[in-house]
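Q: Following this message is one structure expressed as structure tokens.
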Amino acid sequence: MLEKKYALVIHGGAGTMSPELMTPEVERDLRDGLQRSLDAGHAILRSGGSSFDAVAAAVRVLEDDPLFNAGRGAVFTSAETHEMDAAIMDGRTLKAGAVGSVSRIRNPIDLARAVMEKSPHVMLAGQGAQDFARELGLEIMADEYFSTEQRWQALERVRASKAEPLSDADRHGTVGAVALDQAGNLAAATSTGGNTNKRPGRIGDSPIIGSGTYANNKTCAVSATGDGEFFIRAVAAYDVSALMEYSRMNLGEAARVVIEKVAALGGTGGLIAVDREGNIALPFNTTGMYRGFIDAEGKSFIGIY
Ligand code: ASP
């Protein structure tokens with residue numbers, strides 16, 4: 001019997017740290033974090049588990065890692081708080097769950113999943129979402145859990161910068177995963193702290209189905225990262241799928257066209273995508289994108305630049 005194909009792609013945000021902050025130790029820790037995320041998703045896919053479980057597991061690992069802007073490592077808002085967004089989508093059923101602007105939830109991706117599986121809604125935001133997490137007994141952390149020195153310094157740099165261009169890594173970051181499982185099902189998940197110094201209440205593209213996150217078994221699964229406002233206006237993730245479905249583009253072409261559209265609007269960033277054959281695409285227009293994959297041939301890769 002032929003072995004069934006599967007593939008997993010993850011990202012830890014588009015845009016890299018400025019060279020003086022990227023020490024060999026930080027780079028090693030970032031690569032380790034990406035590897036652990038890949039391993040968590042891969043273990044599920046290899047043993048015949050669902051792409052939906054795999055993307056949730058891969059994102060969870062990055063949410064717990066203080067180096068990535070999601071969960072524990074979420075950036076500070078202008079009010080010195082943390083507000084996180086997350087979404088997950090199942091390409092088989094087209095069911096999706098999302099949360100916007102939530103605080104103190106250890107793993108926003110679990111809450112997004114719960115919105116899909118345990119409520120009649122697709123998206124919950126703010127206090128209502130947090131109350132739902134509490135009702136379900138999801139893990140709630142003290143504010144300090146999310147207050148990392150690295151993000152505090154980024155807030156100070158952003159506040160002090162005014163006109164100077166800042167590194168993308170200071171401004172934002174996100175984590176995400178897309179996967180194809182052995183049953184041929186696609187899924188996507190994205191989680192973020194949004195952008196540094198954002199106004200409280202701001203919600204980015206990550207939890208908006210079709211902008212930062214989308215999965216459809218007919219076409220592909222997509223998770224985006226970058227200037228959220230531009231990805232929202234470009235309806236980026238769904239556009240990759242639509243170009244495949246209606247214009248018969250292949251995954252690589254569709255992904256590239258969408259990143260060009262985002263760039264034409266003035267936005268920077270990237271996306272990861274996988275199609276139903278296990279082809280993958282990881283275009284970005286920033287200096288780098290923290291990323292990794294295991295493709296359908298079993299080739300594994302971790303990269304930053
Ligand atoms: N897209 C995210 C947001 O706008 C940030 C990022 O991916 O860098 O919230």
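In the structure tokens, each chain is lettered A, B, ... as it comes, each chain's residues begin at 1, and ligands are numbered from 1 in order of appearance.
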Using DSSP on the backbone, list every residue of range 134-195 of chain A that comes out as strand (DSSP E), and give them as a list in words.
A: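 Put together, the selection reads Val175, Gly176, Ala177, Val178, Ala179, Leu180, Leu186, Ala187, Ala188, Ala189, Thr190, Ser191 and Thr192 of chain A.
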Q: Set the cut-off to 10 Å, count only C-alpha atoms and all ligand atoms, and list whatever residues fall near ligand 1 as a PyMOL selection string.
A: chain A and resi 11-15+69-70+75+83-86+100+168-176+190-196+198+202-207+211-212+223-232+268-271+289
Q: How many Å lie between CA of Tyr6 in chain A and CA of Ala112 in chain A, rounded to one decimal?
A: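 It comes out at 24.0 Å.
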Q: Can you work out which one of A:Gly128, A:Gly184, A:Gly49, A:Pro120 has the shortest atom-to-atom distance to Val99 in chain A, counting only C-alpha atoms?
A: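 Ranked by minimum distance to Val99 in chain A, first place goes to A:Gly128.
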Q: Give me, as a PyMOL selection string, the residues of range 29-189 of chain A that a backbone DSSP run labels helix (DSSP H, G or I).
A: chain A and resi 29-46+51-63+71-73+108-118+126-136+143-146+149-161+168-171
Q: Which residues come within 10 Å of Gln182 in chain A, counting only C-alpha atoms, excluding same-chain residues fewer than 4 positions away, as a PyMOL selection string?
A: chain A and resi 3-7+45-51+186
Q: Find the residues around Leu138 in chain A up to 12 Å (only C-alpha atoms counted), leave out those fewer than 6 positions away in its own chain, and share them as a list of chain:residue names.
A: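 Residues meeting the cut-off are A:Arg104, A:Ile105, A:Arg106, A:Asn107, A:Pro108, A:Ile109, A:Asp110, A:Leu111, A:Ala112, A:Arg113, A:Ala114, A:Ala129, A:Gln130, A:Asp131, A:Phe132.
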Q: Rank A:Phe76, A:Glu117, A:Asn217, A:Ala183 by their smallest atom-to-atom distance to Val158 in chain A, using only C-alpha atoms, and report the top residue only.
A: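 Closest candidate: A:Phe76.
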Q: If we count only C-alpha atoms and set the cut-off at 7 Å, which residues sit around Thr287 in chain A, ignoring sequence neighbours fewer than 2 positions away in its own chain? Please answer as a PyMOL selection string.
A: chain A and resi 15-16+285+305
Q: Export all heavy atoms of the chosen residues as a compact mmCIF listing (two decimals), in the first residue's frame?
A:
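Result written to selection.txt:
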```txt
# COMPACT_ATOMS: atom_id res chain seq x y z
N GLY A 15 9.17 39.23 9.23
CA GLY A 15 10.01 40.32 9.71
C GLY A 15 10.92 39.80 10.80
O GLY A 15 10.46 39.09 11.69
N THR A 16 12.18 40.12 10.72
CA THR A 16 13.12 39.60 11.71
C THR A 16 13.62 40.72 12.60
O THR A 16 13.45 41.89 12.30
CB THR A 16 14.32 38.92 11.01
OG1 THR A 16 14.82 39.83 10.05
CG2 THR A 16 13.88 37.64 10.34
N ASN A 285 7.48 39.35 1.88
CA ASN A 285 8.17 40.51 1.29
C ASN A 285 8.90 41.31 2.35
O ASN A 285 9.17 42.49 2.19
CB ASN A 285 7.19 41.39 0.48
CG ASN A 285 6.13 42.05 1.36
OD1 ASN A 285 6.26 42.06 2.59
ND2 ASN A 285 5.10 42.59 0.76
N TYR A 305 15.74 33.72 7.41
CA TYR A 305 15.96 34.77 6.39
C TYR A 305 15.52 34.31 5.00
O TYR A 305 15.41 33.14 4.74
CB TYR A 305 17.43 35.18 6.36
CG TYR A 305 17.86 35.65 7.72
CD1 TYR A 305 18.62 34.83 8.55
CD2 TYR A 305 17.42 36.87 8.22
CE1 TYR A 305 18.99 35.23 9.82
CE2 TYR A 305 17.78 37.28 9.50
CZ TYR A 305 18.56 36.46 10.29
OH TYR A 305 18.89 36.86 11.55
```
Q: Give the answer as one residue: which of A:Ala142, A:Leu30, A:Val178, A:Leu155 has the shortest atom-to-atom distance to Val59 in chain A, using only C-alpha atoms?
A: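 Closest to Val59 in chain A of all the choices is A:Val178.
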Q: I need the residue nearest Gly266 in chain A from this list: A:Ile208, A:Ala234, A:Ile304, A:Leu282. Use only C-alpha atoms for the distance.
A: A:Ala234
Q: Got a sec: who's within 7 Å of Gly91 in chain A, counting only C-alpha atoms, leaving out chain neighbours fewer than 3 positions off, as a PyMOL selection string?
A: chain A and resi 94+185-187+215-217
Q: Kindly save the residues from that selection, with C-alpha atoms included, as an mmCIF file, in the first residue's frame.
A:
```cif
data_model
loop_
_atom_site.group_PDB
_atom_site.id
_atom_site.type_symbol
_atom_site.label_atom_id
_atom_site.label_comp_id
_atom_site.auth_asym_id
_atom_site.auth_seq_id
_atom_site.Cartn_x
_atom_site.Cartn_y
_atom_site.Cartn_z
ATOM 1 C CA LEU A 94 -15.540 24.906 6.571
ATOM 2 C CA ASN A 185 -8.093 17.220 4.936
ATOM 3 C CA LEU A 186 -6.682 20.734 5.255
ATOM 4 C CA ALA A 187 -6.660 23.055 8.294
ATOM 5 C CA ALA A 215 -8.874 26.549 4.953
ATOM 6 C CA ASN A 216 -10.939 24.780 2.314
ATOM 7 C CA ASN A 217 -10.415 21.182 1.200
#
```
Q: Using CA of Ala177 in chain A and CA of Ala189 in chain A as the two end points, give the distance in Å to one decimal.
A: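 If I compute the distance from CA of Ala177 in chain A to CA of Ala189 in chain A, I get 5.3 Å.
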Q: At a cut-off of 10 Å, using only C-alpha atoms, what residues contact Phe301 in chain A? Leave out same-chain residues fewer than 2 positions from it and give the result as a PyMOL selection string.
A: chain A and resi 9+34-35+38+291-295+298-299+303
